[in-house]
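Scroll down for the structure; my scribbles are underneath it.
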Amino acid sequence: MAVLSKIRERSIFLIIVIAMALFAFVLGDLFKYKRSDNLVGEIDGEPISREQFSKEVELYKTRSNNKSSQIKAAKTVWNNIVREKIFQKQLRNAGIVVGEEDVWRSIIEMPYINGSPLFKNDAGLFDEEKFKEFLVTLKENAETNPNDKQWAGWLETEKNIKRNLEQSIYTGLIKNGISTTLDEGKNYYFDQVTKSDIEYVYVPFRNVPDSIFKITDSEVMSYIKDRKEQFQVEASRDLIYVNFDILPTKEDEDVVKLEVSNLINDKEEYSSAAKTTVKVLGFKNTTDDKSFFNENNSDLTYSEDLLSKDKLPKIIADKILSAKVGDIIGPYKEDGYYKLTKIKAFKQMPDSVKASHILISYRGALRSTDQKTEAQAKKVVDSLFKLVKNNKRKFAEVAKTMSLDKKSGAKGGELKWFQYGTMVSKFRDFVFLNKKGKIGIVKTKFGYHIIRIDNQKSFKKAYIVTTFGRKIEASENTENDVFEKAETFTSNVSGGKNFVKQARGKNYTVKPVSGVKILDETFTGLKNQRQIINWAFKKDTEIGGIKRFDTDNGYIVVQLNSSYKKGLMSVQQARIRVKRILLEQKKAAYIKKEMGEMPLAAIATKFKTSIRSSLAVSLASPLIPSVGRSLGLVGAINASKAGDILRGVKGKTGVFAVKIIKRETAVKLPNYDAFRKQIFAKLQLSSVKMYDALKNETEIVDNRALYY
């Protein structure tokens with residue numbers, strides 16, 4: 001009681017102490033993480049802010065029409081920034097500055113800019129002022145409309161142009177610094193064309209049993225440490241997992257099939273509004289198919305498809321060929337749906353069409369750089385249509401000067417012959433459902449087209465059909481059953497039972513994943529699994545740790561098997577690769593020792609093989625019969641003289657013993673400049689490896705995994 005009394009007396013003091021400790025803890029974390037919370041990384045000490053990086057990632061995704069995932073965009077943007085910073089540093093060190101004028105000159109020299117009709121004057125020449133006005137308009141639009149991303153896109157384009165210019169300048173400096181001499185050309189010539197006739201015995205490594213050699217972990221580690229640069233790795237994890245996919249059962253399929261079947265014919269239903277039984281038209285008798293799709297929740301979008309005989313779905317092709325207009329085919333199972341196909345009409349349709357078009361685009365249309373509004377574009381198209389509809393010459397002139405499609409525009413708007421599935425649907429339907437000579441205006445996702453049908457050929461019977469479909473999905477009972485299995489398995493293995501044994505006991509497939517990196521987003525068999533990868537790299541996730549995750553199609557139960565730090569490979573990681581190398585080295589030493597000073601015939605007898613020969617062996621032609629290319633062997637031969645016997649020369653898959661029978665030295669040339677140029681060209685090609693070398697010398701701090 002005395003103790004409790006003292007605690008009560010000092011309760012206010014204790015509260016203050018605890019509060020101060022908590023405050024210190026939080027404050028300490030603030031100081032600890034203040035820097036990294038605002039930084040995605042650093043390049044040679046130069047910070048990359050999280051805010052700016054996020055903006056560039058979102059801009060990249062917008063420019064790729066959101067086809068790029070978040071992590072893929074983050075990787076691309078990061079690589080671009082690293083490359084940019086590295087080259088900028090090298091240029092600074094060289095005293096070279098790429099200024100705004102350099103970038104501007106590079107921009108206006110680009111064919112897609114100085115060749116664009118948007119920026120040409122009345123004389124058809126590029127007008128720099130028009131281009132500047134275009135950029136001013138982009139900027140003003142962005143200031144008045146925050147959702148307009150075109151100005152931000154242009155700024156990114158400008159940055160990329162500058163980035164490419166910097167890299168090009170630096171690479172050019174390196175290439176210009178490469179030189180070769182005539183003496184080097186001369187040596188290269190003699191090395192390449194000196195020929196030797198040889199006799200040889202080849203002993204493959206496979207002829208020596210592995211069992212006579214022992215490779216220890218200490219030997220593996222010693223090999224790794226002696227070649228540290230070759231065995232550097234990123235942090236990684238090894239996982240095993242079991243998938244519990246929610247898939248429809250046979251019973252689920254039968255339910256969907258019955259639902260679809262019940263939609264074919266008319267039925268009587270009680271109407272609470274009419275307070276009587278009413279007739280509900282089925283798919284067969286409805287005259288408004290589009291409304292039928294909506295009212296009956298079709299999982300396939302309503303469309304009328306015009307199909308030739310060879311394009312009919314194989315599963316129902318025979319039934320369509322013998323069907324009448326209004327017939328319903330199905331239900332049939334295809335691509336995960338139960339479907340009903342209605343025959344709408346028969347029509348004679350060309351197999352191929354030749355057409356011409358003029359494309360007038362507007363701001364927001366696909367692949368458009370035009371700043372016209374849609375309404376403005378429609379006015380332009382309407383006025384042009386009046387001008388060209390009865391005048392082929394005018395059509396060609398307008399296509400050349402005003403069509404956004406430059407490829408066809410250069411030919412007066414003319415397109416090559418194309419088949420039904422080539423063009424977007426509205427363009428396709430116009431040219432295949434109308435007659436030759438027809439001209440009209442069609443709007444697609446690319447803008448407004450003035451289309452002229454120039455020719456049609458190979459007419460044949462086609463079928464106009466529409467297909468209703470319901471996706472075959474798992475029922476709620478099936479979903480509950482799969483969840484129960486996943487949960488039970490997770491509980492069992494989390495309780496200490498062996499993951500693999502438990503899975504095999506239930507006939508579940510265990511899938512291993514090796515070498516998962518911290519910024520990976522997929523692994524074998526699974527996509528978009530950042531949640532699993534983030535869990536695997538958490539500090540509190542221990543080896544042997546198990547967790548169940550939700551997936552797009554069910555559940556996955558994962559166990560962390562191994563954890564590897566960034567830096568030098570562990571013995572476990574490198575064992576297979578290094579063991580093979582060390583085994584070959586030991587076999588090569590063993591074979592060489594066994595060869596001793598024996599002649600070729602004795603070596604062939606000892607290793608139960610034969611003596612072979614090869615004529616005119618050279619570095620230019622280093623092919624050894626029954627073995628393959630062996631530059632190392634030919635190099636050793638060139639360094640020896642006729643009559644010499646070389647024993648224990650290691651190749652890729654075995655060991656050689658070689659006797660040089662004859663040596664044909666190359667003829668001297670009056671000049672070796674051609675060979676000097678060959679060396680020079682090879683050295684210039686090798687300059688592409690320069691960036692990797694610069695990157696290895698750059699101090700890079702990468703915190704992306706904290707945010708993505």
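Here's how to read the names in the structure tokens: chain A, B, ... by the order shown, residue numbers from 1 in each chain, ligand numbers from 1 in the order shown.
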Exercise: Arg227 in chain A partners within 12 Å, only C-alpha atoms, chain neighbours under 3 positions left out, as number ranges by chain:
A: 220-224, 230-232, 568-569, 574, 578
Non-local contacts of Leu239 in chain A (6 Å; only C-alpha atoms; under 4 positions in same chain excluded) as a PyMOL selection string
chain A and resi 512-513+559-561
Write out the residues from the selection above, keeping N, CA and C atoms, as a CSV table (one decimal), in the first residue's frame.
```
chain,number,residue,atom,x,y,z
A,512,PRO,N,8.0,-21.5,-56.1
A,512,PRO,CA,9.1,-20.7,-55.6
A,512,PRO,C,9.4,-19.4,-56.4
A,513,VAL,N,9.9,-18.4,-55.7
A,513,VAL,CA,10.3,-17.2,-56.4
A,513,VAL,C,11.7,-16.8,-55.8
A,559,GLN,N,5.4,-17.4,-47.9
A,559,GLN,CA,6.4,-17.5,-46.9
A,559,GLN,C,7.7,-16.9,-47.3
A,560,LEU,N,8.4,-16.1,-46.5
A,560,LEU,CA,9.7,-15.6,-46.8
A,560,LEU,C,10.7,-16.7,-46.4
A,561,ASN,N,11.5,-17.1,-47.5
A,561,ASN,CA,12.4,-18.2,-47.3
A,561,ASN,C,13.8,-17.7,-47.0
```
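For the atom pair formed by CA of Lys538 in chain A and CA of Asn553 in chain A, the distance is 24.9 Å, given to one decimal.
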Residues within 10 Å of Val424 in chain A, only C-alpha atoms, excluding chain neighbours under 6 positions, as a ChimeraX atom specification
/A:444-446
Write the residues of the preceding selection, restricted to C-alpha atoms, as an mmCIF file, in the first residue's frame.
```cif
data_model
loop_
_atom_site.group_PDB
_atom_site.id
_atom_site.type_symbol
_atom_site.label_atom_id
_atom_site.label_comp_id
_atom_site.auth_asym_id
_atom_site.auth_seq_id
_atom_site.Cartn_x
_atom_site.Cartn_y
_atom_site.Cartn_z
ATOM 1 C CA THR A 444 -13.093 8.933 -84.623
ATOM 2 C CA LYS A 445 -10.833 9.176 -81.567
ATOM 3 C CA PHE A 446 -8.184 10.742 -83.853
#
```
Just to confirm, what's the straight-line distance from CA of Met423 in chain A to CA of Lys339 in chain A in Å (one decimal)?
25.8 Å
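The interatomic distance for the pair CA of Gly413 in chain A and CA of Lys400 in chain A works out to 7.0 Å.
Nearest to Pro625 in chain A of all the residues A:Val649, A:Ala399, A:Val136, A:Val201 is A:Val201, counting only C-alpha atoms.
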Env of range 279-286 of chain A: 10 Å cut, atoms = only C-alpha atoms, seq-sep filter 6 positions within chain, self excluded. Answer as a PDB file with C-alpha atoms, in the first residue's frame.
```pdb
ATOM      1  CA  VAL A 260     -28.760 -16.862 -70.497  1.00  0.00           C
ATOM      2  CA  SER A 261     -31.025 -19.576 -71.907  1.00  0.00           C
ATOM      3  CA  ASN A 262     -34.016 -18.009 -70.169  1.00  0.00           C
ATOM      4  CA  LEU A 263     -33.415 -14.743 -72.053  1.00  0.00           C
ATOM      5  CA  ILE A 264     -34.003 -16.181 -75.529  1.00  0.00           C
ATOM      6  CA  ASN A 265     -37.787 -16.484 -75.586  1.00  0.00           C
ATOM      7  CA  ASP A 266     -40.615 -14.274 -74.359  1.00  0.00           C
ATOM      8  CA  LYS A 267     -41.935 -14.838 -70.843  1.00  0.00           C
ATOM      9  CA  GLU A 268     -44.747 -13.742 -68.581  1.00  0.00           C
ATOM     10  CA  GLU A 269     -43.820 -11.692 -65.523  1.00  0.00           C
ATOM     11  CA  TYR A 270     -45.892 -10.008 -62.849  1.00  0.00           C
ATOM     12  CA  SER A 271     -45.654  -6.196 -63.010  1.00  0.00           C
ATOM     13  CA  PHE A 292     -32.266  -5.399 -74.271  1.00  0.00           C
ATOM     14  CA  PHE A 293     -28.508  -5.510 -73.574  1.00  0.00           C
ATOM     15  CA  ASN A 296     -30.596  -7.582 -68.984  1.00  0.00           C
ATOM     16  CA  GLY A 326     -33.667 -13.424 -86.593  1.00  0.00           C
ATOM     17  CA  ASP A 327     -32.275 -16.817 -85.484  1.00  0.00           C
ATOM     18  CA  ILE A 328     -30.569 -17.069 -82.097  1.00  0.00           C
ATOM     19  CA  ILE A 329     -27.501 -19.271 -81.755  1.00  0.00           C
ATOM     20  CA  LEU A 340     -26.204 -15.680 -77.503  1.00  0.00           C
ATOM     21  CA  THR A 341     -25.633 -14.540 -81.084  1.00  0.00           C
ATOM     22  CA  LYS A 342     -28.499 -13.075 -83.135  1.00  0.00           C
ATOM     23  CA  ILE A 343     -28.421 -12.985 -86.941  1.00  0.00           C
ATOM     24  CA  PHE A 468     -25.161 -10.917 -75.878  1.00  0.00           C
TER      25      PHE A 468
END
```
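Every residue of range 557-603 of chain A with a DSSP assignment of strand (DSSP E or B), taken from the backbone, is listed as Val557, Val558, Gln559, Leu560, Asn561, Ser562, Ser563, Tyr564, Gly567 and Leu568 of chain A.
Residues of range 311-361 of chain A carrying a DSSP assignment of helix (DSSP H, G or I), computed from the backbone, are Lys311, Ala317, Asp318, Lys319, Ile320 and Leu321 of chain A.
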Atoms kept (N, CA and C atoms) for selection, written as a compact mmCIF listing (two decimals), in the first residue's frame:
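Once written, again_0.txt looks like this:
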```
# COMPACT_ATOMS: atom_id res chain seq x y z
N LYS A 311 -14.26 -15.08 -90.94
CA LYS A 311 -14.08 -14.36 -89.68
C LYS A 311 -15.10 -14.80 -88.62
N ALA A 317 -19.59 -21.24 -86.27
CA ALA A 317 -19.55 -20.89 -87.70
C ALA A 317 -20.54 -21.71 -88.51
N ASP A 318 -20.58 -23.03 -88.29
CA ASP A 318 -21.47 -23.90 -89.07
C ASP A 318 -22.93 -23.53 -88.86
N LYS A 319 -23.30 -23.19 -87.62
CA LYS A 319 -24.69 -22.85 -87.31
C LYS A 319 -25.09 -21.53 -87.96
N ILE A 320 -24.16 -20.56 -87.99
CA ILE A 320 -24.46 -19.27 -88.61
C ILE A 320 -24.68 -19.45 -90.11
N LEU A 321 -23.88 -20.30 -90.74
CA LEU A 321 -23.98 -20.50 -92.19
C LEU A 321 -25.35 -21.05 -92.60
```
Would you kindly return, as a PyMOL selection string, each protein, DNA or RNA residue with an atom no farther than 12 Å from any atom of Lys411 in chain A, considering only C-alpha atoms and excluding same-chain residues fewer than 6 positions away?
chain A and resi 355-358+393+395-401+403+405
Could you write out that same residue set with C-alpha atoms as a compact mmCIF listing (two decimals), in the first residue's frame?
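And here's part-v7.txt as it stands now:
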```txt
# COMPACT_ATOMS: atom_id res chain seq x y z
CA ALA A 355 -9.75 4.83 -99.64
CA SER A 356 -8.35 8.33 -99.16
CA HIS A 357 -8.81 10.61 -96.18
CA ILE A 358 -8.03 14.03 -94.75
CA ARG A 393 -7.46 17.51 -107.30
CA PHE A 395 -8.88 16.70 -102.17
CA ALA A 396 -5.24 15.77 -102.85
CA GLU A 397 -4.01 19.36 -102.33
CA VAL A 398 -5.80 19.73 -99.00
CA ALA A 399 -4.58 16.30 -97.82
CA LYS A 400 -0.98 17.30 -98.55
CA THR A 401 -1.17 20.64 -96.76
CA SER A 403 -4.11 16.48 -93.01
CA ASP A 405 -1.82 12.05 -91.27
```
